[in-house]
Amino acid sequence: MEPETVPQRDVLMEVRNITLRFGGVTAIEDISFDILEGEVRAIIGPNGAGKSSMLNVINGFYHPQEGEIWFRGEKRKAMKPHEIARHGIARTFQNIALFRGMTTLDNIMTGRLTKMHRNMFWQAIWRGPAEREEVEHREVVERIIDFLEIQHIRKTPVGRLPYGLQKRVELGRALAAEPKLLLLDEPMAGMNIEEKEDMCRFILDVNDEFGATIALIEHDMGVVMDISDRVVVLDYGRKIGDGTPDVVRNDQTVIDAYLGVAHE
Amino acid sequence: MLYRETGDFKVSYRDDQQTFPIIQDRWLFWGMLAVAFLVIPFIIDDYWEKSIVLPFLVFSLAAIGLNILTGYCGLLSLGTGGFMAVGAYASYKLMTAFPELNIVIVILLSGGVTAAVGMFFGLPSLRIKGFYLAVATLAAQFFLVWLFNKVPWFYNYSATGQITAPERSIFGFAVTGPEATPAATYLFCLAFVTVLALVAKNLIRGRIGRSWMSIRDMDIAAEIIGVPPMRTKLSAFAVSSFYIGIAGALYFTVWFGAAEPTEAFGINQSFLVLFMVIIGGLGSMLGSFLGAAFMVLLPIVLKNIMVGGFDVLPVLAKHVEITLVGSLIIFFLIVEPHGLARLWSIAKEKMRLWPFPH
Ligand SMILES: Nc1ncnc2c1ncn2[C@@H]1O[C@H](COP(=O)(O)OP(=O)(O)OP(=O)(O)O)[C@@H](O)[C@H]1O
Ligand SMILES: [Mg+2]
């Protein structure tokens, strides 16, 4: 086997010995892996393997019974999800979780909430500081809208958009927070080839241009092999493989558990 | 195609974020404001004041308040009557304890007191939502009315248990008490409504409004993108109660001049305001006004037509009114949750394209 050719990078996040149980069900069992600064890290595995649960642990929505999470060189204390968001972790959801009654623009603007600070007094007056702040952030959001090519649906309530566009808006909302670490839960599920290609391009560009480190869950192996730097493989809540796409693809345990069987 | 955005290009984000982005709406707004401030004061009489205009203004404020909580933040409340009572009793205590205090300050402070009480009763919303929260606010409603009935301190130990507003004036014009003229009370309430409606609009279009709506639409996602649920829900309760408290204070001081908790601030009042919000449009500022106007005018119009025009018994007219309101609630809840405001915007949409069908 050829030696790993991953360039030398700093560790952004390290999950250590995480175990997560729901009553009798062990969703995640003693899993450890790291995410390097600037990489695209894929998490794969069959249905029910614990992938979404892992993301939920990382953004503080689930609290694991055991294990620790190290982020930017520090052990993370127990935090609420909204505090973790403020520390630079954003995500999208497997089942789209947009604010359906709001427009595309408002959804993405909401993603910048953690960066807006004018208090209620200034908001009530509006003219002056609050309005200036709004315009400032609107400019950033418009750049994201341009980048994702969704100018035409700016003022459309997202509930009326087709699935593929909703996924894109959700990515936009996550991007708006300018996260250090971006978690994407099946960003391409249910898309056709063209939409998938667009989404791949957006993800790679986000990684390049916005400098975000990305951890993504994806079932389409072709996509995973194309865009990820390293892959973690989960099965029944355990880690059964970890390495570059090539290494993982040729790993016998992984093949037996996952790649060998027809998926979906 | 007189009503349109075409040709009215927005050249900056600031323009795009205006209160009324469409120029015709802006004219309409300024026109109405001019009539409201410059014409109506000269023609208003006692009947119009007490039966139509003050009810409309006071209930508009209450409806804006409830709409912030229920329409924008998605938290259902049946405590509106109780919170109005808090505003009323706060203003009464303030007026009697500090006779020198300017009435504007009294009203604003009453709103502040109600905001604090509202936040307290909003605490359960951190744990429960929907039906259970509605029941919790219902408990607040009954508790508050009971409190103002039972504790004599609130009504200054008066023999009747009623509270009566002493006379207060601004710029030499009485706005409370028997001497107040219709024009003075009207302008006083109108000034509050105008300023507070603009403030509400400002809050809604910015960061705070978006955080409320994000909690309404998908609270889990909101939290994960950094919206603190506790702060956000409590701020909705605070702002909402502030508005409702001011509505209650104006209701007591300016409109009726006297009040008795069970009659004035009972559960019926909570439902009345809730119906205004539903019929007018959940999550719409315009809807709050339309709903208030509708619910204030409906009984008057029906009575005039049925009793005045067709000699129907007043009791029957009342039944017809209740039935009609009930059917409308069902209609709007099922068919058009965004209420009259949405119907209005559909009409505008049509006008924008007119005379072309598409
Ligand atoms: N909130 C919960 N309560 C109880 N069990 C849960 C909960 N969330 C996840 N689980 C269980 O944990 C296990 C892992 O689920 P998870 O959603 O993480 O899988 P996944 O790898 O994302 O699968 P998929 O590919 O279907 O999305 C499953 O057995 C699931 O039933
Ligand atoms: Mg999943």
# chains A, B, ... in the order shown; residues from 1 in each chain; ligands from 1
call {"tool": "residues_around", "arguments": {"residues": "segment 286-299 of chain B", "least_positions_apart": "2", "cutoff": "8 Å", "atoms": "only C-alpha atoms", "output": "PyMOL selection string"}}
result
chain B and resi 52+55-56+59-60+63-64+67+272-273+275-284+301-303+318+321+339-341
call {"tool": "interface_residues", "arguments": {"of": "chain A", "to": "chain B", "cutoff": "7 Å", "atoms": "only C-alpha atoms", "output": "list in words"}}
result
Pro81, His82, Glu83, Ala85, Arg86, Ala90, Ala97, Phe99, Arg100, Gly101, Thr110, Gly111, Leu113, Thr114, Gln123, Ala124, Ile125, Trp126 and Val135 of chain A
call {"tool": "residues_around", "arguments": {"residues": "Leu216 of chain A", "least_positions_apart": "2", "cutoff": "10 Å", "atoms": "only C-alpha atoms", "output": "list in words"}}
result
Val40, Arg41, Ala42, Ile43, Ile44, Lys51, Ser52, Leu55, Arg91, Thr92, Leu182, Leu183, Leu184, Asp185, Glu186, Pro187, Ile203, Thr213, Ile214, Glu218, Val224, Ser228 and Val231 of chain A
call {"tool": "write_last_selection", "arguments": {"atoms": "C-alpha atoms", "output": "PDB file, in the first residue's frame"}}
result
ATOM      1  CA  VAL A  40     -12.719  17.945   3.250  1.00  0.00           C
ATOM      2  CA  ARG A  41     -13.431  15.043   5.559  1.00  0.00           C
ATOM      3  CA  ALA A  42     -16.105  12.570   4.566  1.00  0.00           C
ATOM      4  CA  ILE A  43     -18.042  10.354   6.943  1.00  0.00           C
ATOM      5  CA  ILE A  44     -19.581   7.326   5.281  1.00  0.00           C
ATOM      6  CA  LYS A  51     -23.195   9.386  11.045  1.00  0.00           C
ATOM      7  CA  SER A  52     -25.849  12.005  11.737  1.00  0.00           C
ATOM      8  CA  LEU A  55     -22.558  15.480  13.634  1.00  0.00           C
ATOM      9  CA  ARG A  91     -24.172  22.802   9.619  1.00  0.00           C
ATOM     10  CA  THR A  92     -26.875  21.713   7.238  1.00  0.00           C
ATOM     11  CA  LEU A 182     -18.844  23.310   8.214  1.00  0.00           C
ATOM     12  CA  LEU A 183     -20.843  20.118   8.770  1.00  0.00           C
ATOM     13  CA  LEU A 184     -22.911  18.904   5.838  1.00  0.00           C
ATOM     14  CA  ASP A 185     -25.358  16.059   6.357  1.00  0.00           C
ATOM     15  CA  GLU A 186     -26.009  14.438   2.969  1.00  0.00           C
ATOM     16  CA  PRO A 187     -25.910  17.687   0.993  1.00  0.00           C
ATOM     17  CA  ILE A 203     -18.531  22.531  -1.718  1.00  0.00           C
ATOM     18  CA  THR A 213     -12.941  23.028   6.796  1.00  0.00           C
ATOM     19  CA  ILE A 214     -15.678  20.622   5.795  1.00  0.00           C
ATOM     20  CA  GLU A 218     -22.486  11.329   1.748  1.00  0.00           C
ATOM     21  CA  VAL A 224     -16.914  10.967  -1.847  1.00  0.00           C
ATOM     22  CA  SER A 228     -12.840  14.362  -0.001  1.00  0.00           C
ATOM     23  CA  VAL A 231     -12.712   9.412   4.819  1.00  0.00           C
TER      24      VAL A 231
END
call {"tool": "residues_near_ligand", "arguments": {"ligand": "ligand 1", "cutoff": "8 Å", "atoms": "only C-alpha atoms and all ligand atoms", "output": "ChimeraX atom specification"}}
result
/A:21-23,25-28,44-54,94,186,219,234,236-237
call {"tool": "select_by_dssp", "arguments": {"residues": "segment 123-185 of chain A", "states": "helix (DSSP H, G or I)", "output": "PyMOL selection string"}}
result
chain A and resi 123-125+129-147+151-153+158-160+163-176
call {"tool": "closest_residue", "arguments": {"among": "A:Ile18, A:Met102, A:Val223, A:Ala176", "to": "Ala189 of chain A", "atoms": "only C-alpha atoms"}}
result
A:Val223
call {"tool": "residues_around", "arguments": {"residues": "Phe120 of chain B", "least_positions_apart": "3", "cutoff": "10 Å", "atoms": "only C-alpha atoms", "output": "count of residues only"}}
result
10
call {"tool": "atom_distance", "arguments": {"atom1": "atom CA of Thr19 of chain B", "atom2": "atom CA of Trp122 of chain A"}}
result
15.9 Å
call {"tool": "residues_around", "arguments": {"residues": "Val254 of chain A", "least_positions_apart": "5", "cutoff": "12 Å", "atoms": "only C-alpha atoms", "output": "list in words"}}
result
Ile44, Gly45, Pro46, Val231, Val232, Val233, Leu234, Asp235, Arg238, Lys239, Ile240, Gly241, Asp242, Gly243, Pro245, Asp246, Val247, Val248, Arg249, Leu259, Gly260 and Val261 of chain A
call {"tool": "write_last_selection", "arguments": {"atoms": "all heavy atoms", "output": "compact mmCIF listing (two decimals), in the first residue's frame"}}
result
# COMPACT_ATOMS: atom_id res chain seq x y z
N ILE A 44 -18.69 8.20 6.04
CA ILE A 44 -19.58 7.33 5.28
C ILE A 44 -19.96 6.13 6.14
O ILE A 44 -19.40 5.89 7.20
CB ILE A 44 -18.95 6.85 3.95
CG1 ILE A 44 -17.71 5.99 4.22
CG2 ILE A 44 -18.58 8.02 3.07
CD1 ILE A 44 -17.19 5.27 2.97
N GLY A 45 -20.92 5.39 5.64
CA GLY A 45 -21.38 4.21 6.36
C GLY A 45 -22.82 3.92 6.00
O GLY A 45 -23.52 4.80 5.51
N PRO A 46 -23.25 2.67 6.24
CA PRO A 46 -24.63 2.32 5.89
C PRO A 46 -25.66 3.07 6.74
O PRO A 46 -25.30 3.72 7.71
CB PRO A 46 -24.70 0.81 6.16
CG PRO A 46 -23.47 0.45 6.87
CD PRO A 46 -22.50 1.56 6.80
N VAL A 231 -11.40 10.01 4.58
CA VAL A 231 -12.71 9.41 4.82
C VAL A 231 -12.72 8.63 6.13
O VAL A 231 -11.75 7.92 6.43
CB VAL A 231 -13.07 8.43 3.66
CG1 VAL A 231 -14.48 7.88 3.85
CG2 VAL A 231 -12.93 9.11 2.32
N VAL A 232 -13.78 8.78 6.92
CA VAL A 232 -14.01 7.91 8.08
C VAL A 232 -15.16 7.00 7.72
O VAL A 232 -16.16 7.45 7.19
CB VAL A 232 -14.46 8.72 9.31
CG1 VAL A 232 -14.63 7.81 10.51
CG2 VAL A 232 -13.50 9.82 9.62
N VAL A 233 -15.02 5.72 8.03
CA VAL A 233 -16.11 4.79 7.74
C VAL A 233 -16.70 4.28 9.05
O VAL A 233 -15.98 3.80 9.92
CB VAL A 233 -15.60 3.58 6.92
CG1 VAL A 233 -16.80 2.79 6.40
CG2 VAL A 233 -14.73 4.05 5.77
N LEU A 234 -18.01 4.42 9.19
CA LEU A 234 -18.69 3.93 10.38
C LEU A 234 -19.60 2.77 10.01
O LEU A 234 -20.11 2.69 8.90
CB LEU A 234 -19.57 5.03 11.01
CG LEU A 234 -18.93 6.37 11.37
CD1 LEU A 234 -19.94 7.22 12.13
CD2 LEU A 234 -17.67 6.18 12.19
N ASP A 235 -19.79 1.87 10.96
CA ASP A 235 -20.72 0.77 10.77
C ASP A 235 -21.24 0.35 12.13
O ASP A 235 -20.44 0.09 13.03
CB ASP A 235 -20.00 -0.39 10.07
CG ASP A 235 -20.98 -1.47 9.66
OD1 ASP A 235 -22.16 -1.15 9.43
OD2 ASP A 235 -20.56 -2.64 9.57
N ARG A 238 -19.57 1.86 15.11
CA ARG A 238 -18.13 1.75 15.33
C ARG A 238 -17.38 2.29 14.12
O ARG A 238 -17.90 2.28 13.01
CB ARG A 238 -17.72 0.28 15.50
CG ARG A 238 -18.25 -0.37 16.73
CD ARG A 238 -18.06 -1.88 16.61
NE ARG A 238 -18.59 -2.55 17.79
CZ ARG A 238 -17.92 -2.67 18.92
NH1 ARG A 238 -16.69 -2.21 19.03
NH2 ARG A 238 -18.47 -3.28 19.96
N LYS A 239 -16.13 2.66 14.36
CA LYS A 239 -15.31 3.10 13.24
C LYS A 239 -14.63 1.88 12.64
O LYS A 239 -13.96 1.13 13.36
CB LYS A 239 -14.27 4.11 13.71
CG LYS A 239 -13.42 4.66 12.58
CD LYS A 239 -12.63 5.87 13.03
CE LYS A 239 -11.20 5.44 13.32
NZ LYS A 239 -10.30 6.61 13.50
N ILE A 240 -14.79 1.65 11.34
CA ILE A 240 -14.14 0.49 10.74
C ILE A 240 -13.12 0.88 9.68
O ILE A 240 -12.50 0.03 9.06
CB ILE A 240 -15.17 -0.48 10.13
CG1 ILE A 240 -16.02 0.24 9.08
CG2 ILE A 240 -16.05 -1.10 11.20
CD1 ILE A 240 -16.80 -0.70 8.19
N GLY A 241 -12.95 2.17 9.46
CA GLY A 241 -11.94 2.56 8.48
C GLY A 241 -11.68 4.05 8.55
O GLY A 241 -12.55 4.81 8.97
N ASP A 242 -10.45 4.45 8.19
CA ASP A 242 -10.10 5.86 8.26
C ASP A 242 -8.87 6.09 7.39
O ASP A 242 -7.87 5.40 7.55
CB ASP A 242 -9.79 6.23 9.72
CG ASP A 242 -9.63 7.73 9.90
OD1 ASP A 242 -9.54 8.46 8.89
OD2 ASP A 242 -9.60 8.17 11.07
N GLY A 243 -8.96 6.99 6.44
CA GLY A 243 -7.79 7.27 5.61
C GLY A 243 -8.18 7.97 4.33
O GLY A 243 -9.31 8.42 4.18
N PRO A 245 -9.24 8.41 0.42
CA PRO A 245 -10.23 7.63 -0.33
C PRO A 245 -9.65 6.34 -0.89
O PRO A 245 -10.29 5.29 -0.83
CB PRO A 245 -10.64 8.59 -1.44
CG PRO A 245 -10.41 9.95 -0.88
CD PRO A 245 -9.24 9.83 0.03
N ASP A 246 -8.43 6.42 -1.41
CA ASP A 246 -7.82 5.23 -1.99
C ASP A 246 -7.62 4.13 -0.98
O ASP A 246 -7.92 2.96 -1.23
CB ASP A 246 -6.47 5.58 -2.63
CG ASP A 246 -6.67 6.19 -4.00
OD1 ASP A 246 -7.69 5.83 -4.64
OD2 ASP A 246 -5.84 7.04 -4.41
N VAL A 247 -7.09 4.53 0.17
CA VAL A 247 -6.84 3.55 1.23
C VAL A 247 -8.15 2.89 1.65
O VAL A 247 -8.25 1.67 1.74
CB VAL A 247 -6.17 4.24 2.44
CG1 VAL A 247 -6.11 3.27 3.61
CG2 VAL A 247 -4.78 4.72 2.07
N VAL A 248 -9.15 3.74 1.88
CA VAL A 248 -10.43 3.22 2.36
C VAL A 248 -11.07 2.30 1.33
O VAL A 248 -11.60 1.25 1.65
CB VAL A 248 -11.37 4.39 2.70
CG1 VAL A 248 -12.79 3.90 2.88
CG2 VAL A 248 -10.88 5.09 3.96
N ARG A 249 -10.98 2.72 0.09
CA ARG A 249 -11.62 1.95 -0.96
C ARG A 249 -11.07 0.52 -1.05
O ARG A 249 -11.78 -0.40 -1.42
CB ARG A 249 -11.42 2.67 -2.30
CG ARG A 249 -12.16 1.99 -3.42
CD ARG A 249 -12.34 2.87 -4.62
NE ARG A 249 -11.15 3.70 -4.88
CZ ARG A 249 -11.16 4.75 -5.68
NH1 ARG A 249 -12.28 5.10 -6.27
NH2 ARG A 249 -10.08 5.45 -5.88
N LEU A 259 -18.93 -1.33 1.09
CA LEU A 259 -18.82 -1.11 -0.35
C LEU A 259 -19.26 -2.32 -1.13
O LEU A 259 -19.82 -2.20 -2.21
CB LEU A 259 -17.39 -0.73 -0.72
CG LEU A 259 -16.89 0.54 -0.05
CD1 LEU A 259 -15.43 0.76 -0.40
CD2 LEU A 259 -17.73 1.73 -0.49
N GLY A 260 -19.02 -3.49 -0.53
CA GLY A 260 -19.35 -4.72 -1.24
C GLY A 260 -20.84 -4.88 -1.48
O GLY A 260 -21.27 -5.27 -2.56
N VAL A 261 -21.61 -4.49 -0.45
CA VAL A 261 -23.05 -4.66 -0.61
C VAL A 261 -23.64 -3.51 -1.39
O VAL A 261 -23.21 -2.37 -1.27
CB VAL A 261 -23.75 -4.75 0.77
CG1 VAL A 261 -23.29 -5.99 1.50
CG2 VAL A 261 -23.48 -3.51 1.59
call {"tool": "closest_residue", "arguments": {"among": "A:Ile84, A:His117, A:Asn95, A:Thr19", "to": "ligand 2", "atoms": "only C-alpha atoms and all ligand atoms"}}
result
A:Asn95
call {"tool": "residues_around", "arguments": {"residues": "Gly38 of chain A", "least_positions_apart": "4", "cutoff": "12 Å", "atoms": "only C-alpha atoms", "output": "list of chain:residue names"}}
result
A:Val6, A:Pro7, A:Gln8, A:Arg9, A:Asp10, A:Val11, A:Leu12, A:Met13, A:Pro179, A:Lys180, A:Leu181, A:Leu182, A:Leu204, A:Asp205, A:Val206, A:Asn207, A:Asp208, A:Glu209, A:Phe210, A:Gly211, A:Ala212, A:Thr213, A:Ile214, A:Ala215, A:Ser228, A:Asp229, A:Arg230
call {"tool": "residues_around", "arguments": {"residues": "Leu133 of chain B", "least_positions_apart": "4", "cutoff": "9 Å", "atoms": "only C-alpha atoms", "output": "list in words"}}
result
Leu75, Leu76, Ser77, Gly122, Pro124, Ser125, Arg127, Ile128, Lys129, Thr137 and Leu138 of chain B
call {"tool": "write_last_selection", "arguments": {"atoms": "N, CA and C atoms", "output": "PDB file, in the first residue's frame"}}
result
ATOM      1  N   LEU B  75     -45.426  31.621  19.491  1.00  0.00           N
ATOM      2  CA  LEU B  75     -45.808  31.204  20.841  1.00  0.00           C
ATOM      3  C   LEU B  75     -47.249  31.644  21.097  1.00  0.00           C
ATOM      4  N   LEU B  76     -48.131  30.669  21.250  1.00  0.00           N
ATOM      5  CA  LEU B  76     -49.549  30.988  21.402  1.00  0.00           C
ATOM      6  C   LEU B  76     -49.838  31.455  22.823  1.00  0.00           C
ATOM      7  N   SER B  77     -50.543  32.576  22.945  1.00  0.00           N
ATOM      8  CA  SER B  77     -50.882  33.083  24.278  1.00  0.00           C
ATOM      9  C   SER B  77     -52.367  33.376  24.396  1.00  0.00           C
ATOM     10  N   GLY B 122     -43.728  34.090  30.757  1.00  0.00           N
ATOM     11  CA  GLY B 122     -43.187  33.455  29.557  1.00  0.00           C
ATOM     12  C   GLY B 122     -42.151  32.392  29.864  1.00  0.00           C
ATOM     13  N   PRO B 124     -42.302  29.495  31.271  1.00  0.00           N
ATOM     14  CA  PRO B 124     -42.625  28.113  30.883  1.00  0.00           C
ATOM     15  C   PRO B 124     -42.371  27.839  29.401  1.00  0.00           C
ATOM     16  N   SER B 125     -42.387  28.895  28.564  1.00  0.00           N
ATOM     17  CA  SER B 125     -42.223  28.667  27.125  1.00  0.00           C
ATOM     18  C   SER B 125     -40.865  28.075  26.792  1.00  0.00           C
ATOM     19  N   ARG B 127     -39.756  25.533  28.163  1.00  0.00           N
ATOM     20  CA  ARG B 127     -39.897  24.093  28.287  1.00  0.00           C
ATOM     21  C   ARG B 127     -41.018  23.549  27.417  1.00  0.00           C
ATOM     22  N   ILE B 128     -42.107  24.304  27.322  1.00  0.00           N
ATOM     23  CA  ILE B 128     -43.294  23.760  26.675  1.00  0.00           C
ATOM     24  C   ILE B 128     -43.708  24.652  25.511  1.00  0.00           C
ATOM     25  N   LYS B 129     -44.413  24.060  24.566  1.00  0.00           N
ATOM     26  CA  LYS B 129     -44.919  24.894  23.480  1.00  0.00           C
ATOM     27  C   LYS B 129     -46.299  24.458  23.052  1.00  0.00           C
ATOM     28  N   THR B 137     -50.519  30.107  29.668  1.00  0.00           N
ATOM     29  CA  THR B 137     -50.859  31.531  29.598  1.00  0.00           C
ATOM     30  C   THR B 137     -52.310  31.754  30.032  1.00  0.00           C
ATOM     31  N   LEU B 138     -53.136  30.735  29.815  1.00  0.00           N
ATOM     32  CA  LEU B 138     -54.517  30.816  30.285  1.00  0.00           C
ATOM     33  C   LEU B 138     -54.530  30.898  31.812  1.00  0.00           C
TER      34      LEU B 138
END
call {"tool": "closest_residue", "arguments": {"among": "A:Ile144, A:Ile96, A:Ile108, A:Met199", "to": "ligand 2", "atoms": "only C-alpha atoms and all ligand atoms"}}
result
A:Ile96
call {"tool": "atom_distance", "arguments": {"atom1": "atom CA of Phe252 of chain B", "atom2": "atom CA of Ala88 of chain B"}}
result
5.6 Å
